[in-house]
$ cat start_0.txt   # compact mmCIF, C-alpha atoms
# COMPACT_ATOMS: atom_id res chain seq x y z
CA MET A 1 119.95 97.92 104.42
CA GLN A 2 120.28 98.50 108.17
CA TYR A 3 116.90 99.24 109.74
CA TYR A 4 118.28 100.64 112.98
CA LYS A 5 121.29 102.43 114.41
CA ARG A 6 123.02 102.00 117.72
CA GLU A 7 123.47 104.53 120.50
CA PRO A 8 126.47 102.82 122.16
CA GLU A 9 126.81 105.26 125.02
CA LYS A 10 123.23 104.62 126.10
CA SER A 11 123.05 100.94 125.07
CA ARG A 12 119.99 101.69 122.96
CA ILE A 13 119.03 101.22 119.35
CA VAL A 14 117.03 103.67 117.25
CA CYS A 15 114.48 102.14 114.89
CA LEU A 16 114.62 103.75 111.44
CA LEU A 17 111.43 102.29 109.99
CA CYS A 18 109.19 105.27 110.69
CA ARG A 19 109.39 108.87 111.84
CA HIS A 20 108.80 108.02 115.48
CA TYR A 21 112.45 106.89 115.55
CA CYS A 22 111.74 104.86 118.67
CA LYS A 23 114.71 104.53 121.04
CA MET A 24 114.69 101.09 122.61
CA LYS A 25 116.75 99.55 125.37
CA GLU A 26 117.31 95.78 125.41
CA GLY A 27 113.94 94.00 125.39
CA GLN A 28 111.89 97.10 124.63
CA VAL A 29 109.41 97.39 121.75
CA GLY A 30 108.56 100.50 119.76
CA ILE A 31 105.28 102.42 119.55
CA CYS A 32 104.07 100.00 116.87
CA GLY A 33 104.36 97.10 119.32
CA VAL A 34 106.03 94.77 116.83
CA ASN A 35 109.63 95.93 116.49
CA LYS A 36 111.89 95.02 119.37
CA ASN A 37 115.46 95.42 120.58
CA VAL A 38 116.75 91.86 120.83
CA ASP A 39 120.44 91.49 121.72
CA GLY A 40 121.17 94.99 120.48
CA GLU A 41 119.53 94.46 117.08
CA LEU A 42 116.12 95.35 115.70
CA LYS A 43 113.83 92.35 115.38
CA THR A 44 110.58 92.69 113.42
CA LEU A 45 108.34 90.32 115.36
CA VAL A 46 105.75 90.07 112.57
CA TYR A 47 108.30 89.00 109.93
CA GLY A 48 106.70 86.11 108.03
CA HIS A 49 103.48 86.26 110.06
CA PRO A 50 100.62 87.84 108.11
CA SER A 51 97.34 88.27 109.99
CA ALA A 52 95.14 88.93 106.95
CA LEU A 53 95.52 87.86 103.33
CA ASN A 54 93.12 88.28 100.42
CA VAL A 55 92.99 88.71 96.67
CA ASP A 56 91.35 92.08 95.97
CA PRO A 57 90.61 94.25 92.96
CA ILE A 58 93.38 96.83 92.75
CA GLU A 59 90.62 99.46 92.76
CA LYS A 60 89.85 98.50 96.37
CA LYS A 61 93.23 99.77 97.63
CA PRO A 62 92.22 102.30 96.17
CA ILE A 63 94.61 102.53 93.23
CA TYR A 64 92.87 103.76 90.07
CA HIS A 65 95.77 104.62 87.80
CA MET A 66 97.62 101.31 87.77
CA LEU A 67 96.60 98.10 85.98
CA PRO A 68 92.83 98.79 86.05
CA GLY A 69 90.69 95.69 86.38
CA GLU A 70 93.53 93.54 87.70
CA THR A 71 93.85 92.01 91.17
CA ALA A 72 96.33 92.46 93.99
CA LEU A 73 97.37 89.90 96.57
CA SER A 74 96.76 91.97 99.71
CA PHE A 75 98.12 91.25 103.16
CA GLY A 76 98.91 92.86 106.47
CA THR A 77 100.21 91.95 109.91
CA VAL A 78 99.31 93.08 113.41
CA GLY A 79 100.54 96.41 114.77
CA CYS A 80 100.49 100.08 113.80
CA ASN A 81 102.39 103.26 114.54
CA PHE A 82 99.19 105.36 114.63
CA LYS A 83 96.18 105.20 116.98
CA CYS A 84 93.34 106.39 114.73
CA PRO A 85 89.98 106.18 116.57
CA PHE A 86 88.16 105.52 113.28
CA CYS A 87 90.38 102.64 112.09
CA GLN A 88 88.47 100.14 109.97
CA ASN A 89 91.01 97.37 110.59
CA TRP A 90 91.52 98.01 114.29
CA GLN A 91 91.19 94.32 115.17
CA ILE A 92 94.64 93.73 113.65
CA SER A 93 96.22 97.20 113.58
CA GLN A 94 95.73 97.79 117.30
CA GLU A 95 96.72 94.22 118.18
CA THR A 96 100.32 93.29 118.98
CA LYS A 97 100.03 89.56 119.66
CA VAL A 98 101.71 87.70 116.81
CA ASN A 99 100.35 84.35 115.65
CA GLU A 100 103.63 82.53 115.08
CA GLU A 101 101.84 79.36 113.94
CA ILE A 102 101.24 81.10 110.61
CA TYR A 103 104.41 81.54 108.57
CA VAL A 104 104.58 82.70 104.97
CA SER A 105 108.06 83.18 103.56
CA PRO A 106 108.73 86.00 101.09
CA GLU A 107 109.13 83.41 98.33
CA LYS A 108 105.82 81.76 99.23
CA MET A 109 103.99 85.11 99.26
CA VAL A 110 105.12 85.80 95.70
CA ASP A 111 104.18 82.25 94.69
CA LEU A 112 100.67 82.80 96.12
CA ALA A 113 100.28 86.00 94.11
CA GLN A 114 101.20 84.19 90.93
CA GLU A 115 99.00 81.19 91.74
CA TYR A 116 95.97 83.45 92.10
CA GLY A 117 96.76 85.44 88.97
CA ALA A 118 97.42 88.71 90.82
CA LYS A 119 99.50 91.25 88.94
CA SER A 120 100.59 93.05 92.10
CA ILE A 121 101.14 92.67 95.83
CA ALA A 122 99.58 95.23 98.18
CA TYR A 123 101.02 95.78 101.64
CA THR A 124 97.90 96.96 103.43
CA TYR A 125 95.30 96.46 106.20
CA ASN A 126 97.76 97.76 108.81
CA GLU A 127 100.74 100.11 108.39
CA PRO A 128 103.31 98.47 106.09
CA THR A 129 106.30 100.56 107.13
CA ILE A 130 106.31 98.75 110.50
CA PHE A 131 106.93 95.43 108.68
CA TYR A 132 109.18 96.98 106.04
CA PRO A 133 111.96 94.34 106.30
CA TYR A 134 109.38 91.63 105.43
CA ALA A 135 107.72 93.79 102.77
CA LYS A 136 111.00 94.56 101.03
CA ASP A 137 112.10 90.93 100.94
CA ILE A 138 108.79 90.07 99.28
CA GLY A 139 108.82 93.10 97.02
CA VAL A 140 112.27 92.51 95.56
CA ILE A 141 111.33 88.95 94.57
CA ALA A 142 107.95 90.14 93.24
CA LYS A 143 109.64 92.75 91.05
CA GLU A 144 111.99 90.11 89.63
CA LYS A 145 108.92 88.04 88.71
CA GLY A 146 107.23 90.97 86.95
CA LEU A 147 104.74 91.86 89.69
CA LYS A 148 104.03 95.40 90.91
CA ASN A 149 104.28 96.46 94.56
CA ILE A 150 101.84 98.79 96.35
CA PHE A 151 101.97 100.39 99.81
CA VAL A 152 98.68 101.47 101.40
CA SER A 153 100.04 103.67 104.14
CA ASN A 154 99.53 106.47 106.64
CA GLY A 155 102.59 108.21 105.22
CA PHE A 156 104.79 108.14 108.33
CA GLU A 157 107.69 106.35 106.61
CA SER A 158 111.13 107.62 107.53
CA PRO A 159 113.15 109.37 104.78
CA GLU A 160 115.60 106.45 105.04
CA MET A 161 112.89 103.95 104.09
CA ILE A 162 111.58 106.11 101.25
CA GLU A 163 115.08 106.28 99.81
CA ASP A 164 115.37 102.50 100.12
CA MET A 165 111.96 101.64 98.65
CA LYS A 166 112.25 103.63 95.43
CA ASP A 167 114.10 100.73 93.80
CA TRP A 168 111.30 98.19 94.32
CA LEU A 169 108.03 99.97 95.23
CA ASP A 170 105.87 100.96 92.26
CA ALA A 171 102.91 102.74 93.85
CA ALA A 172 101.51 104.00 97.12
CA ASN A 173 98.15 105.20 98.34
CA ILE A 174 98.84 107.57 101.22
CA ASP A 175 96.23 108.74 103.71
CA LEU A 176 96.01 112.48 104.23
CA LYS A 177 93.81 112.18 107.28
CA SER A 178 93.52 115.80 108.39
CA TRP A 179 94.89 119.28 107.77
CA ASP A 180 95.41 119.93 111.48
CA GLU A 181 98.84 119.24 112.98
CA GLY A 182 97.35 119.23 116.48
CA TYR A 183 94.76 116.62 115.52
CA TYR A 184 97.45 114.47 113.93
CA LYS A 185 99.63 114.59 117.03
CA LYS A 186 96.99 114.44 119.77
CA VAL A 187 94.43 112.06 118.27
CA LEU A 188 96.24 110.04 115.59
CA LYS A 189 99.70 110.03 117.25
CA GLY A 190 101.42 111.06 114.03
CA GLY A 191 102.24 114.35 112.31
CA LEU A 192 100.87 116.30 109.37
CA GLU A 193 104.14 117.92 108.29
CA ALA A 194 105.79 114.50 108.28
CA VAL A 195 103.07 113.06 106.03
CA LYS A 196 103.33 116.03 103.66
CA ASP A 197 107.09 115.47 103.50
CA THR A 198 106.59 111.76 102.76
CA LEU A 199 104.21 112.58 99.92
CA ARG A 200 106.68 115.01 98.37
CA ARG A 201 109.55 112.55 98.74
CA MET A 202 107.60 109.66 97.20
CA VAL A 203 106.58 111.74 94.19
CA ASP A 204 110.18 112.93 93.77
CA ALA A 205 111.39 109.31 94.02
CA GLY A 206 109.24 108.33 91.03
CA ILE A 207 106.78 106.23 93.01
CA TRP A 208 103.23 106.49 91.61
CA VAL A 209 101.24 108.21 94.38
CA GLU A 210 97.51 108.44 95.00
CA VAL A 211 96.06 110.23 98.05
CA THR A 212 93.06 109.23 100.16
CA THR A 213 91.17 111.39 102.65
CA LEU A 214 88.50 109.78 104.79
CA LEU A 215 86.07 112.66 105.24
CA ILE A 216 84.52 112.83 108.71
CA GLU A 217 81.90 115.52 109.05
CA GLY A 218 82.82 118.09 111.67
CA GLU A 219 86.39 116.77 111.94
CA ASN A 220 88.23 117.39 108.66
CA ASP A 221 85.66 118.58 106.10
CA SER A 222 85.68 122.39 106.42
CA ASP A 223 85.91 124.31 103.15
CA LYS A 224 89.09 125.96 104.40
CA ASP A 225 90.83 122.66 105.13
CA LEU A 226 89.66 121.08 101.88
CA LYS A 227 90.86 124.04 99.83
CA GLU A 228 94.28 123.96 101.48
CA MET A 229 94.58 120.18 101.05
CA ALA A 230 93.63 120.44 97.38
CA ALA A 231 96.11 123.27 96.84
CA PHE A 232 98.85 121.22 98.49
CA ILE A 233 98.18 118.23 96.23
CA ALA A 234 97.98 120.38 93.10
CA ASN A 235 101.00 122.58 93.81
CA ASP A 236 103.37 120.35 95.80
CA LEU A 237 102.61 116.94 94.29
CA GLY A 238 101.06 117.69 90.91
CA ARG A 239 97.62 118.13 89.38
CA HIS A 240 97.88 114.58 88.03
CA VAL A 241 97.93 112.98 91.50
CA PRO A 242 94.55 111.27 92.09
CA TRP A 243 92.65 112.26 95.24
CA HIS A 244 90.21 109.73 96.67
CA LEU A 245 87.56 111.29 98.91
CA SER A 246 86.01 108.51 100.98
CA ALA A 247 82.94 108.42 103.17
CA PHE A 248 83.38 107.64 106.85
CA HIS A 249 81.26 104.96 108.46
CA PRO A 250 81.07 104.43 112.23
CA ASP A 251 83.82 102.11 113.46
CA TYR A 252 86.14 101.32 116.37
CA LYS A 253 86.03 104.25 118.83
CA MET A 254 83.76 106.43 116.68
CA GLN A 255 80.63 104.27 116.64
CA ASP A 256 78.42 107.21 117.58
CA HIS A 257 79.58 109.51 114.80
CA GLN A 258 77.32 109.89 111.78
CA TRP A 259 78.04 108.53 108.31
CA THR A 260 79.47 111.00 105.81
CA GLY A 261 76.79 112.25 103.43
CA VAL A 262 77.18 112.15 99.65
CA GLU A 263 76.61 115.91 99.57
CA THR A 264 79.74 116.38 101.70
CA LEU A 265 81.77 114.31 99.25
CA MET A 266 80.36 116.22 96.27
CA ARG A 267 81.23 119.54 97.94
CA ALA A 268 84.80 118.31 98.50
CA LYS A 269 85.04 117.05 94.91
CA LYS A 270 83.98 120.45 93.59
CA ILE A 271 86.64 122.16 95.72
CA ALA A 272 89.27 119.71 94.48
CA GLU A 273 88.39 120.27 90.84
CA GLU A 274 88.34 124.05 91.32
CA ALA A 275 91.91 123.72 92.66
CA GLY A 276 92.89 122.19 89.33
CA LEU A 277 93.09 118.50 90.21
CA TRP A 278 92.47 116.31 87.17
CA TYR A 279 91.51 113.04 88.85
CA VAL A 280 89.14 113.16 91.83
CA TYR A 281 87.27 110.05 92.96
CA LEU A 282 84.62 109.32 95.59
CA GLY A 283 84.85 106.21 97.79
CA ASN A 284 82.55 104.17 100.04
CA VAL A 285 79.50 105.47 98.17
CA PRO A 286 77.58 103.96 95.23
CA VAL A 287 78.83 106.25 92.46
CA HIS A 288 80.82 105.66 89.30
CA GLY A 289 84.57 106.22 89.62
CA ASP A 290 85.08 107.50 86.11
CA THR A 291 88.38 108.66 84.66
CA HIS A 292 88.08 111.34 81.98
CA CYS A 293 90.74 112.84 79.76
CA PRO A 294 91.76 116.19 81.30
CA ASP A 295 92.18 117.71 77.82
CA CYS A 296 89.16 116.60 75.80
CA GLY A 297 86.84 115.16 78.45
CA GLU A 298 86.57 111.72 76.84
CA LEU A 299 85.42 108.94 79.19
CA LEU A 300 88.45 106.66 79.48
CA ILE A 301 87.67 104.28 82.35
CA ASP A 302 84.27 103.56 83.86
CA ARG A 303 84.25 101.89 87.27
CA THR A 304 81.13 100.59 88.96
CA GLY A 305 82.08 99.78 92.50
CA TYR A 306 85.39 97.93 92.19
CA ASN A 307 84.61 96.67 88.68
CA VAL A 308 86.05 98.23 85.54
CA THR A 309 83.23 98.18 82.98
CA VAL A 310 84.90 100.35 80.32
CA ASN A 311 88.60 100.88 79.58
CA LYS A 312 89.27 102.83 76.40
CA LEU A 313 92.94 103.60 77.05
CA VAL A 314 95.24 102.77 74.15
CA ASP A 315 98.85 102.35 75.28
CA GLY A 316 98.08 104.63 78.21
CA LYS A 317 96.71 107.37 75.98
CA CYS A 318 93.32 108.94 75.30
CA PRO A 319 91.99 107.37 72.09
CA LYS A 320 90.30 110.63 71.08
CA CYS A 321 93.03 113.28 71.47
CA GLY A 322 96.13 111.18 72.13
CA ARG A 323 96.94 112.72 75.51
CA LYS A 324 99.17 110.55 77.68
CA ILE A 325 97.24 109.73 80.87
CA GLU A 326 99.34 109.65 84.03
CA GLY A 327 99.64 106.24 85.68
CA ILE A 328 101.08 102.75 85.25
CA TRP A 329 99.09 100.94 82.60
CA LYS A 330 101.31 97.96 81.70
$ encode --input "start_0.txt" --output "structure tokens"
Amino acid sequence: MQYYKREPEKSRIVCLLCRHYCKMKEGQVGICGVNKNVDGELKTLVYGHPSALNVDPIEKKPIYHMLPGETALSFGTVGCNFKCPFCQNWQISQETKVNEEIYVSPEKMVDLAQEYGAKSIAYTYNEPTIFYPYAKDIGVIAKEKGLKNIFVSNGFESPEMIEDMKDWLDAANIDLKSWDEGYYKKVLKGGLEAVKDTLRRMVDAGIWVEVTTLLIEGENDSDKDLKEMAAFIANDLGRHVPWHLSAFHPDYKMQDHQWTGVETLMRAKKIAEEAGLWYVYLGNVPVHGDTHCPDCGELLIDRTGYNVTVNKLVDGKCPKCGRKIEGIWK
């Protein structure tokens, strides 16, 4: 897979990793700060250099409909193609200095996952599409070893990368940060229509998709926006796509903004369910993240925090009515 194309007449290369399609002359870096034109080729400066690495419950990603109760080896690098003022990992995502003293080969990353008993690898903490060449090299080996692969992403992948990842990526949690194109472009430095297109493409590619919206009161929590977001998920992606509604807490450049109240999350959940969504979950608040059968209402999975306390699924089906529950359960 070629991750760039050349513009010979202008002696530039065009990075294909994300929808910014940065055009770089010799020595220039893209918006993400970590992909560079070196001798007329794209060099991913963070290749092999993770900046954060942990073993997390898969529920923390959050992914609720894949291997409940199992763990994911989670890692990220420095750099990001967005500039979100509320970023919770801004210390690495808004950093571009690479620590080259730390090197973890793709083979070693998969070995680490297996050593720690993780059933999946999560590419997270910063935006994984900016280190896609590294992620793919890990992911292909992981898949051969029977591990699952998860992207936790802002959804600004290029169509070229989505087409390439469908052979090795199992699941993605995509942020739907706002329903305002202007806010996406001006504040986040991304694009709403692009994210919507990514979500549609990933679902069509057979990647298991879950959506997360960090609700910030006064910014993206109007009834109108929530209704339109819910309708988009239900109609364009499918009623089976889980929607995680998470509470904002003050961080990075939004230290003065108030925490999101539980009542705001409950209002959003009600709107989502009225739109026909089957699986709606609340995040960053002390509530149970229960999964119920959409047909008979049976409690299937009970989550307290990131812990699965009950899992009644039998071969991915409701034990009461036999309905197949959407997700990846093996």
$ closest_residue --input "start_0.txt" --among "A:Lys227, A:Lys61, A:His240, A:Lys186" --to "Phe151 of chain A" --atoms "only C-alpha atoms"
A:Lys61
$ residues_around --input "start_0.txt" --residues "Gly79 of chain A" --least-positions-apart "3" --cutoff "12 Å" --atoms "all atoms listed in the file" --output "PyMOL selection string"
chain A and resi 29-35+44-47+49-51+76+82-83+89-98+124-131
$ residues_around --input "start_0.txt" --residues "segment 248-251 of chain A" --least-positions-apart "4" --cutoff "10 Å" --atoms "all atoms listed in the file" --output "list in words"
Pro85, Phe86, Cys87, Gln88, Asn89, Trp90, Thr213, Leu214, Leu215, Ile216, Glu217, Gln255, Asp256, His257, Gln258, Trp259, Thr260, Gly261, Gly283, Asn284 and Val285 of chain A
$ closest_residue --input "start_0.txt" --among "A:Lys108, A:Gly191, A:Pro57, A:Glu160" --to "Lys5 of chain A" --atoms "all atoms listed in the file"
A:Glu160
$ residues_around --input "start_0.txt" --residues "Val262 of chain A" --least-positions-apart "4" --cutoff "10 Å" --atoms "all atoms listed in the file" --output "ChimeraX atom specification"
/A:246-247,266-268,282-287
